[in-house]
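Listing of upload-v8.txt; format and content: compact mmCIF, C-alpha atoms.
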# COMPACT_ATOMS: atom_id res chain seq x y z
CA MET A 1 -73.96 113.52 -191.20
CA ASP A 2 -74.14 116.59 -189.00
CA ILE A 3 -77.49 118.40 -188.80
CA ARG A 4 -75.55 121.68 -188.74
CA ILE A 5 -74.02 120.92 -192.15
CA LEU A 6 -77.45 120.13 -193.56
CA ARG A 7 -78.62 123.55 -192.38
CA TYR A 8 -75.59 125.07 -194.12
CA PHE A 9 -76.45 123.19 -197.32
CA LEU A 10 -80.08 124.39 -197.22
CA ALA A 11 -78.90 127.97 -196.68
CA VAL A 12 -76.79 127.74 -199.86
CA VAL A 13 -79.79 126.32 -201.75
CA ARG A 14 -82.01 129.14 -200.51
CA GLU A 15 -79.50 131.95 -201.19
CA GLU A 16 -78.27 130.35 -204.47
CA SER A 17 -74.84 131.60 -203.49
CA ILE A 18 -72.09 130.43 -201.16
CA SER A 19 -71.11 134.01 -200.33
CA GLY A 20 -74.74 134.96 -199.62
CA ALA A 21 -75.24 131.90 -197.44
CA ALA A 22 -72.00 132.56 -195.56
CA GLU A 23 -73.16 136.10 -194.81
CA PHE A 24 -76.54 134.81 -193.63
CA LEU A 25 -74.90 132.14 -191.43
CA HIS A 26 -72.26 134.57 -190.07
CA ILE A 27 -69.35 132.35 -191.09
CA THR A 28 -66.54 132.91 -193.59
CA GLN A 29 -66.95 131.86 -197.20
CA PRO A 30 -63.86 129.55 -197.17
CA THR A 31 -65.21 127.78 -194.07
CA LEU A 32 -68.59 127.19 -195.72
CA SER A 33 -67.00 126.03 -198.98
CA ARG A 34 -64.85 123.52 -197.09
CA GLN A 35 -67.86 122.20 -195.15
CA LEU A 36 -69.77 121.65 -198.40
CA MET A 37 -66.85 119.86 -200.05
CA ASP A 38 -66.53 117.62 -196.98
CA LEU A 39 -70.24 116.80 -197.29
CA GLU A 40 -69.79 115.88 -200.96
CA ASP A 41 -66.81 113.69 -200.05
CA GLU A 42 -68.81 111.99 -197.30
CA LEU A 43 -71.69 111.17 -199.67
CA GLY A 44 -69.42 110.43 -202.63
CA VAL A 45 -71.42 112.63 -205.02
CA LYS A 46 -71.37 116.14 -206.42
CA LEU A 47 -74.21 118.21 -204.94
CA LEU A 48 -73.67 121.69 -206.38
CA ASN A 49 -72.89 123.10 -209.79
CA ARG A 50 -70.51 125.94 -208.96
CA GLY A 51 -70.58 128.50 -211.76
CA LYS A 52 -68.24 131.38 -212.43
CA ARG A 53 -68.01 134.36 -210.12
CA ASN A 54 -71.41 135.99 -209.40
CA GLN A 55 -73.30 133.14 -211.08
CA ARG A 56 -76.07 131.36 -209.19
CA ILE A 57 -75.41 128.01 -207.56
CA THR A 58 -77.55 125.22 -209.00
CA LEU A 59 -78.20 121.69 -207.74
CA THR A 60 -77.18 118.45 -209.36
CA GLU A 61 -79.71 115.61 -209.45
CA GLU A 62 -78.12 114.23 -206.27
CA GLY A 63 -78.29 117.70 -204.74
CA MET A 64 -82.03 117.87 -205.41
CA LEU A 65 -82.51 114.55 -203.59
CA LEU A 66 -80.45 115.74 -200.62
CA ARG A 67 -82.43 118.99 -200.50
CA LYS A 68 -85.69 117.02 -200.08
CA ARG A 69 -84.21 114.73 -197.44
CA ALA A 70 -82.44 117.57 -195.62
CA GLU A 71 -85.65 119.61 -195.39
CA GLU A 72 -87.43 116.58 -193.87
CA ILE A 73 -84.58 115.86 -191.42
CA VAL A 74 -84.27 119.48 -190.29
CA ALA A 75 -88.06 119.85 -189.94
CA LEU A 76 -88.31 116.67 -187.87
CA THR A 77 -85.35 117.74 -185.71
CA ASP A 78 -86.91 121.16 -185.05
CA LYS A 79 -90.26 119.52 -184.28
CA THR A 80 -88.64 117.13 -181.79
CA ILE A 81 -86.74 119.93 -180.05
CA SER A 82 -89.96 121.96 -179.84
CA GLU A 83 -91.79 119.04 -178.19
CA PHE A 84 -89.19 118.81 -175.42
CA ASP A 85 -88.59 122.54 -175.04
CA THR A 86 -91.77 123.20 -173.07
CA SER A 87 -92.56 123.94 -169.45
CA HIS A 88 -94.31 121.27 -167.39
CA ASP A 89 -96.72 123.91 -166.09
CA ILE A 90 -97.53 125.73 -169.33
CA ILE A 91 -98.82 123.85 -172.36
CA SER A 92 -97.12 125.26 -175.43
CA GLY A 93 -95.51 124.06 -178.61
CA ASP A 94 -96.33 123.34 -182.22
CA ILE A 95 -99.10 121.29 -183.83
CA PHE A 96 -98.61 120.21 -187.45
CA ILE A 97 -101.75 119.48 -189.48
CA GLY A 98 -101.90 118.48 -193.13
CA GLY A 99 -104.83 118.03 -195.46
CA GLY A 100 -106.49 118.60 -198.78
CA GLU A 101 -108.53 121.68 -199.50
CA THR A 102 -111.86 121.35 -197.72
CA ASN A 103 -114.31 123.53 -195.85
CA ALA A 104 -113.87 121.10 -192.93
CA MET A 105 -110.70 123.02 -192.09
CA ARG A 106 -113.10 125.41 -190.35
CA LEU A 107 -113.48 122.74 -187.67
CA ILE A 108 -109.71 122.87 -187.07
CA ALA A 109 -109.96 126.66 -186.80
CA ARG A 110 -112.85 126.47 -184.29
CA ILE A 111 -110.96 124.03 -182.07
CA GLY A 112 -107.79 126.10 -182.29
CA LYS A 113 -109.65 129.26 -181.36
CA ARG A 114 -111.23 127.55 -178.35
CA LEU A 115 -107.85 126.26 -177.14
CA GLN A 116 -106.32 129.70 -177.54
CA ALA A 117 -108.22 130.99 -174.52
CA ASP A 118 -106.49 128.54 -172.13
CA HIS A 119 -103.32 127.78 -174.09
CA PRO A 120 -102.21 130.86 -176.04
CA MET A 121 -98.66 129.48 -176.46
CA ILE A 122 -99.76 126.70 -178.85
CA ARG A 123 -98.91 127.38 -182.50
CA TYR A 124 -100.47 125.70 -185.54
CA HIS A 125 -98.70 124.85 -188.80
CA LEU A 126 -100.83 123.88 -191.81
CA PHE A 127 -99.65 121.87 -194.79
CA SER A 128 -101.82 121.65 -197.93
CA GLY A 129 -101.46 118.66 -200.21
CA ASN A 130 -103.19 115.63 -201.65
CA ALA A 131 -103.68 112.38 -199.74
CA ASP A 132 -100.33 110.90 -200.87
CA ASP A 133 -98.42 114.02 -199.77
CA VAL A 134 -100.14 114.08 -196.37
CA MET A 135 -99.65 110.34 -195.76
CA GLU A 136 -95.95 110.58 -196.55
CA ARG A 137 -95.44 113.42 -194.08
CA LEU A 138 -97.63 111.72 -191.47
CA ASP A 139 -95.61 108.50 -191.74
CA LYS A 140 -92.33 110.39 -191.39
CA GLY A 141 -93.50 112.18 -188.25
CA LEU A 142 -93.57 115.60 -189.92
CA LEU A 143 -97.30 115.93 -189.23
CA ASP A 144 -99.30 115.21 -186.07
CA PHE A 145 -102.65 114.95 -187.86
CA GLY A 146 -103.84 114.46 -191.42
CA LEU A 147 -107.21 115.48 -192.81
CA PHE A 148 -108.31 113.12 -195.59
CA ILE A 149 -111.08 113.66 -198.11
CA GLY A 150 -112.88 110.58 -199.40
CA ALA A 151 -111.46 107.11 -199.85
CA ALA A 152 -108.02 106.57 -198.30
CA ASN A 153 -106.21 103.57 -196.82
CA MET A 154 -106.51 104.05 -193.06
CA GLU A 155 -104.99 100.74 -191.93
CA ARG A 156 -101.91 102.43 -190.48
CA TYR A 157 -103.82 105.12 -188.61
CA ASN A 158 -106.29 105.86 -185.88
CA TYR A 159 -108.91 108.28 -187.11
CA LEU A 160 -112.16 110.07 -186.41
CA ARG A 161 -114.84 110.56 -189.04
CA LEU A 162 -116.04 114.14 -189.19
CA PRO A 163 -119.78 114.85 -189.25
CA ASP A 164 -119.52 117.09 -192.30
CA THR A 165 -119.27 115.97 -195.92
CA ASP A 166 -118.09 117.70 -199.08
CA THR A 167 -120.09 117.70 -202.31
CA TRP A 168 -118.65 117.33 -205.80
CA GLY A 169 -119.71 119.67 -208.53
CA LEU A 170 -118.64 121.88 -211.41
CA LEU A 171 -117.10 125.31 -210.93
CA MET A 172 -117.74 127.67 -213.86
CA ARG A 173 -118.14 131.28 -214.85
CA ASN A 174 -121.55 132.87 -214.38
CA ASP A 175 -121.82 133.43 -218.14
CA SER A 176 -121.22 129.74 -218.98
CA PRO A 177 -124.09 127.91 -220.73
CA LEU A 178 -124.20 125.27 -217.95
CA ALA A 179 -124.74 127.99 -215.32
CA ALA A 180 -128.46 127.91 -216.21
CA LYS A 181 -128.72 124.37 -214.87
CA GLU A 182 -129.44 123.58 -211.21
CA SER A 183 -127.22 120.48 -211.29
CA ILE A 184 -124.77 118.73 -213.59
CA ARG A 185 -125.32 115.24 -215.04
CA ALA A 186 -122.70 112.96 -216.58
CA LYS A 187 -123.74 113.77 -220.16
CA ASP A 188 -123.10 117.48 -219.50
CA LEU A 189 -119.38 116.72 -219.10
CA GLU A 190 -118.93 115.01 -222.45
CA ASN A 191 -118.14 117.98 -224.67
CA ILE A 192 -116.62 120.59 -222.37
CA PRO A 193 -112.97 121.33 -221.41
CA LEU A 194 -112.42 119.95 -217.90
CA ILE A 195 -109.92 120.84 -215.19
CA VAL A 196 -109.68 117.95 -212.72
CA SER A 197 -107.74 116.93 -209.62
CA ARG A 198 -104.53 114.95 -210.16
CA GLN A 199 -105.44 112.34 -207.52
CA SER A 200 -106.12 108.92 -209.00
CA MET A 201 -108.64 108.05 -206.28
CA VAL A 202 -110.64 111.15 -207.26
CA HIS A 203 -110.71 109.92 -210.85
CA ASN A 204 -111.95 106.52 -209.63
CA GLU A 205 -114.71 108.15 -207.57
CA LEU A 206 -115.86 110.34 -210.45
CA SER A 207 -115.66 107.44 -212.92
CA GLY A 208 -117.87 105.38 -210.61
CA TRP A 209 -120.38 108.22 -210.46
CA SER A 210 -120.51 108.85 -214.21
CA GLY A 211 -120.33 105.24 -215.38
CA TYR A 212 -117.45 105.84 -217.79
CA ASP A 213 -113.72 106.55 -217.57
CA ILE A 214 -113.14 110.17 -216.60
CA GLU A 215 -109.76 110.01 -218.34
CA LYS A 216 -111.56 109.70 -221.68
CA LEU A 217 -113.24 113.07 -221.28
CA ASN A 218 -111.72 116.30 -222.58
CA ILE A 219 -109.28 117.00 -219.71
CA VAL A 220 -107.37 120.17 -220.59
CA ALA A 221 -105.60 120.66 -217.24
CA THR A 222 -105.10 119.09 -213.81
CA TYR A 223 -104.68 120.77 -210.43
CA ASN A 224 -103.45 120.18 -206.94
CA LEU A 225 -104.82 123.37 -205.38
CA VAL A 226 -108.27 124.44 -206.50
CA TYR A 227 -107.53 128.16 -206.13
CA ASN A 228 -105.10 127.92 -209.05
CA ALA A 229 -107.70 125.99 -211.02
CA SER A 230 -110.26 128.71 -210.30
CA LEU A 231 -108.03 131.29 -211.99
CA MET A 232 -108.07 129.18 -215.15
CA VAL A 233 -111.86 128.94 -214.89
CA ASP A 234 -112.05 132.71 -214.50
CA GLU A 235 -110.09 133.15 -217.72
CA GLY A 236 -112.56 130.93 -219.57
CA PHE A 237 -110.06 128.10 -220.01
CA GLY A 238 -112.40 125.37 -218.79
CA TYR A 239 -114.68 123.99 -216.09
CA ALA A 240 -113.25 122.66 -212.81
CA LEU A 241 -114.55 119.48 -211.19
CA CYS A 242 -114.06 120.22 -207.50
CA LEU A 243 -115.62 120.22 -204.05
CA ASP A 244 -118.10 122.83 -202.89
CA ARG A 245 -117.42 125.78 -200.57
CA LEU A 246 -113.78 126.15 -201.60
CA VAL A 247 -114.18 129.06 -204.02
CA TYR A 248 -116.53 131.95 -203.31
CA SER A 249 -119.37 131.76 -205.82
CA ALA A 250 -122.00 134.25 -204.70
CA ASP A 251 -124.05 136.18 -207.23
CA ASN A 252 -121.73 139.18 -207.24
CA ASN A 253 -118.75 136.98 -208.13
CA ASN A 254 -117.57 135.68 -211.50
CA PHE A 255 -118.14 132.06 -210.45
CA CYS A 256 -120.99 129.70 -209.80
CA PHE A 257 -120.93 126.12 -208.52
CA ARG A 258 -123.40 123.46 -209.61
CA PRO A 259 -123.54 120.10 -207.75
CA LEU A 260 -123.39 116.80 -209.60
CA GLU A 261 -126.63 114.87 -210.07
CA PRO A 262 -127.07 112.25 -208.69
CA ARG A 263 -125.42 113.89 -205.71
CA LEU A 264 -121.84 112.77 -205.05
CA GLU A 265 -120.67 113.39 -201.50
CA THR A 266 -117.37 112.44 -199.90
CA HIS A 267 -116.67 111.82 -196.23
CA LEU A 268 -113.86 113.37 -194.21
CA ASP A 269 -111.50 111.75 -191.70
CA ILE A 270 -108.85 113.21 -189.41
CA ALA A 271 -106.13 110.67 -188.72
CA TRP A 272 -102.93 110.15 -186.75
CA LYS A 273 -100.35 107.36 -186.61
CA LYS A 274 -101.15 104.33 -184.47
CA TYR A 275 -99.16 104.29 -181.22
CA GLN A 276 -98.39 107.97 -181.74
CA VAL A 277 -96.66 109.66 -178.81
CA PHE A 278 -98.11 113.16 -178.84
CA SER A 279 -96.63 116.34 -177.48
CA LYS A 280 -98.73 117.97 -174.76
CA ALA A 281 -100.00 120.52 -177.27
CA ALA A 282 -101.10 117.83 -179.76
CA GLU A 283 -102.65 115.83 -176.92
CA LYS A 284 -104.75 118.83 -175.90
CA PHE A 285 -105.83 119.35 -179.50
CA LEU A 286 -106.94 115.73 -179.81
CA GLU A 287 -108.93 116.00 -176.56
CA ALA A 288 -110.66 119.13 -177.87
CA LEU A 289 -111.35 117.40 -181.20
CA GLN A 290 -112.92 114.43 -179.44
CA ASP A 291 -115.07 116.78 -177.32
CA GLU A 292 -116.17 118.66 -180.43
CA LEU A 293 -117.27 115.45 -182.15
So that I can check it, write out the structure of this file as structure tokens.
Amino acid sequence: MDIRILRYFLAVVREESISGAAEFLHITQPTLSRQLMDLEDELGVKLLNRGKRNQRITLTEEGMLLRKRAEEIVALTDKTISEFDTSHDIISGDIFIGGGETNAMRLIARIGKRLQADHPMIRYHLFSGNADDVMERLDKGLLDFGLFIGAANMERYNYLRLPDTDTWGLLMRNDSPLAAKESIRAKDLENIPLIVSRQSMVHNELSGWSGYDIEKLNIVATYNLVYNASLMVDEGFGYALCLDRLVYSADNNNFCFRPLEPRLETHLDIAWKKYQVFSKAAEKFLEALQDEL
């Protein structure tokens, strides 16, 4: 399977049109159509639903699978080329960092800013996702480093524990009845609409804190990114169980954050694959991280 054909396929997916993709790729439409049919013949499946003239191209189930795999293959290919396409005298290149939403990302920013002075050609690419998403990309070589919040299986990785911790609490509107409290106890959660993270390990952590199954509470929505959850809170849809310092909650804002009581804190680790062969840029970042800690 030619990497060039995968790029062609992704262009068609993005443009939702063979003619639009052909124009973008600067090749003729018949040439692109033939390449796509050859790809389908090679895989033995139909990838695209070709509608009538001027209708959008849609993906079959097999096409959706290939799209995911093709994006990973192309990203890893581009990353590998970038790692070799650097001067021996000048440290440059790309560093790929994934992680959940946490204020500890400020540490990444501080280190990056410090490295900028001596190595302005280094570029940083951030991926936001839960622990499962980050681990998958880390294992496939699509990320150099992963930032993990709380309990995670670190057997496959080397890692450094960060000095900072995040605190769990309840995000709510300033006019909510619970806003008058200084902290939130388990009984306060029993009769309110909750918006919670989709991660199972988060549910386990919160269940351990409260003493009963979080799933049995009134969960009205789940989230992956807390910013989206905060919009639902702002509309009065519910209360979000989340980490502190992720949504601005000063007095002149619609939100307030109240920590859980007893206090529930979670540690933070930055990890990389064991026996990882780093690019020079990633190596410099790791050295700066170790110095910082």
Checklist entry - Skipping near chain neighbours, those fewer than 5 positions away, what residues fall within 12 Å of A:Leu231 using all atoms listed in the file, listed as JSON, numbers by chain? => result {"A": [171, 172, 173, 195, 223, 225, 226, 236, 237, 238, 239, 240, 247, 254, 255]}
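One finds atom CA of A:Tyr157 at 19.5 Å from atom CA of A:Met105.
Computed from the coordinates, the atom CA of A:Asp78 to atom CA of A:Tyr124 distance equals 14.3 Å.
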Would you pick out the contacts of A:Glu265 at 12 Å or less, using all atoms listed in the file, so that residues sharing its chain but fewer than 6 positions from it are not included, and give the list as a tab-separated table (two decimals) with C-alpha atoms, in the coordinates of the input?
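Output below, filename part_10.tsv:
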chain	number	residue	atom	x	y	z
A	149	ILE	CA	-111.08	113.66	-198.11
A	150	GLY	CA	-112.88	110.58	-199.40
A	151	ALA	CA	-111.46	107.11	-199.85
A	164	ASP	CA	-119.52	117.09	-192.30
A	165	THR	CA	-119.27	115.97	-195.92
A	166	ASP	CA	-118.09	117.70	-199.08
A	167	THR	CA	-120.09	117.70	-202.31
A	168	TRP	CA	-118.65	117.33	-205.80
A	169	GLY	CA	-119.71	119.67	-208.53
A	202	VAL	CA	-110.64	111.15	-207.26
A	205	GLU	CA	-114.71	108.15	-207.57
A	206	LEU	CA	-115.86	110.34	-210.45
A	209	TRP	CA	-120.38	108.22	-210.46
A	242	CYS	CA	-114.06	120.22	-207.50
A	243	LEU	CA	-115.62	120.22	-204.05
A	244	ASP	CA	-118.10	122.83	-202.89
A	259	PRO	CA	-123.54	120.10	-207.75
Checklist entry - stretch 188-193 of chain A: which residues within 10 Å, counting all atoms listed in the file, same-chain residues fewer than 4 positions away excluded, as a PyMOL selection string? => result chain A and resi 170+178+183-184+210+214+216-221+236-241+260
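Between atom CA of A:Lys187 and atom CA of A:Val233 lies a distance of 20.0 Å.
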Item to check | Residue among A:Arg4, A:Arg137, A:Lys68, A:Arg114 lying closest to A:Leu32, counting all atoms listed in the file | outcome: A:Arg4
Item to check | Minimum-distance residue to A:Thr80, chosen among A:Met1, A:Val277, A:Met64, A:Met135 (using only C-alpha atoms) | outcome: A:Val277
Next on the checklist: Measuring between all atoms listed in the file, which one of A:Ala152, A:Ile90, A:Leu59, A:Ile122 shows the shortest distance to A:Gln199?
Outcome noted: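 Once distances to A:Gln199 are computed over all atoms listed in the file, the minimum belongs to A:Ala152.
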Residues of stretch 85-190 of chain A within 12 Å of stretch 286-290 of chain A: nearest atom pair and distance (Å, one decimal) for each, counting all atoms listed in the file, sorted by chain and number, as a Markdown table?
| residue | atom | partner | partner_atom | distance |
| --- | --- | --- | --- | --- |
| A:Ile95 | CA | A:Leu286 | CA | 10.4 |
| A:Ile97 | CA | A:Leu286 | CA | 11.6 |
| A:Leu107 | CA | A:Leu289 | CA | 8.7 |
| A:Ile108 | CA | A:Leu289 | CA | 8.2 |
| A:Ala109 | CA | A:Leu289 | CA | 10.9 |
| A:Arg110 | CA | A:Leu289 | CA | 9.7 |
| A:Ile111 | CA | A:Ala288 | CA | 6.5 |
| A:Gly112 | CA | A:Ala288 | CA | 8.7 |
| A:Lys113 | CA | A:Ala288 | CA | 10.8 |
| A:Arg114 | CA | A:Ala288 | CA | 8.5 |
| A:Leu115 | CA | A:Ala288 | CA | 7.7 |
| A:Gln116 | CA | A:Ala288 | CA | 11.4 |
| A:Asp118 | CA | A:Ala288 | CA | 11.8 |
| A:His119 | CA | A:Ala288 | CA | 12.0 |
| A:Asp144 | CA | A:Leu286 | CA | 9.9 |
| A:Phe145 | CA | A:Leu286 | CA | 9.2 |
| A:Asn158 | CA | A:Leu286 | CA | 11.6 |
| A:Tyr159 | CA | A:Leu286 | CA | 10.6 |
| A:Leu160 | CA | A:Gln290 | CA | 8.3 |
| A:Arg161 | CA | A:Gln290 | CA | 10.5 |
| A:Leu162 | CA | A:Leu289 | CA | 9.8 |
| A:Pro163 | CA | A:Leu289 | CA | 11.9 |
Item to check | Counting all atoms listed in the file, the option among A:Val134, A:Gly208, A:Phe96, A:Ala104 closest to A:Phe278 | outcome: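 Between A:Val134, A:Gly208, A:Phe96, A:Ala104, the residue approaching A:Phe278 most closely is A:Phe96.
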Item to check | Which residue of A:Val196, A:Leu264, A:Ala186, A:Ala11 approaches A:Met232 most closely, using only C-alpha atoms | outcome: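 Under the stated criterion, the closest residue is A:Val196.
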Item to check | Selected residue of minimal separation from A:Lys140 among A:Arg69, A:Arg245, A:Arg56, A:Lys46, counting all atoms listed in the file | outcome: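 Using all atoms listed in the file, A:Lys140 sits closest to A:Arg69.
The shell of residues at most 12 Å from A:Phe24, with all atoms listed in the file counted and near chain neighbours (fewer than 2 positions) removed, consists of A:Arg7, A:Tyr8, A:Leu10, A:Ala11, A:Val12, A:Arg14, A:Glu15, A:Glu16, A:Ser17, A:Ile18, A:Ser19, A:Gly20, A:Ala21, A:Ala22, A:His26, A:Ile27, A:Thr28, A:Gln29, A:Leu32.
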Selection from above, C-alpha atoms, as a short mmCIF file (atom, residue, chain, number, x, y, z; two decimals), in the frame of the given file, can you write it?
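Output below, filename part_12.cif:
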data_model
loop_
_atom_site.label_atom_id
_atom_site.label_comp_id
_atom_site.auth_asym_id
_atom_site.auth_seq_id
_atom_site.Cartn_x
_atom_site.Cartn_y
_atom_site.Cartn_z
CA ARG A 7 -78.62 123.55 -192.38
CA TYR A 8 -75.59 125.07 -194.12
CA LEU A 10 -80.08 124.39 -197.22
CA ALA A 11 -78.90 127.97 -196.68
CA VAL A 12 -76.79 127.74 -199.86
CA ARG A 14 -82.01 129.14 -200.51
CA GLU A 15 -79.50 131.95 -201.19
CA GLU A 16 -78.27 130.35 -204.47
CA SER A 17 -74.84 131.60 -203.49
CA ILE A 18 -72.09 130.43 -201.16
CA SER A 19 -71.11 134.01 -200.33
CA GLY A 20 -74.74 134.96 -199.62
CA ALA A 21 -75.24 131.90 -197.44
CA ALA A 22 -72.00 132.56 -195.56
CA HIS A 26 -72.26 134.57 -190.07
CA ILE A 27 -69.35 132.35 -191.09
CA THR A 28 -66.54 132.91 -193.59
CA GLN A 29 -66.95 131.86 -197.20
CA LEU A 32 -68.59 127.19 -195.72
#
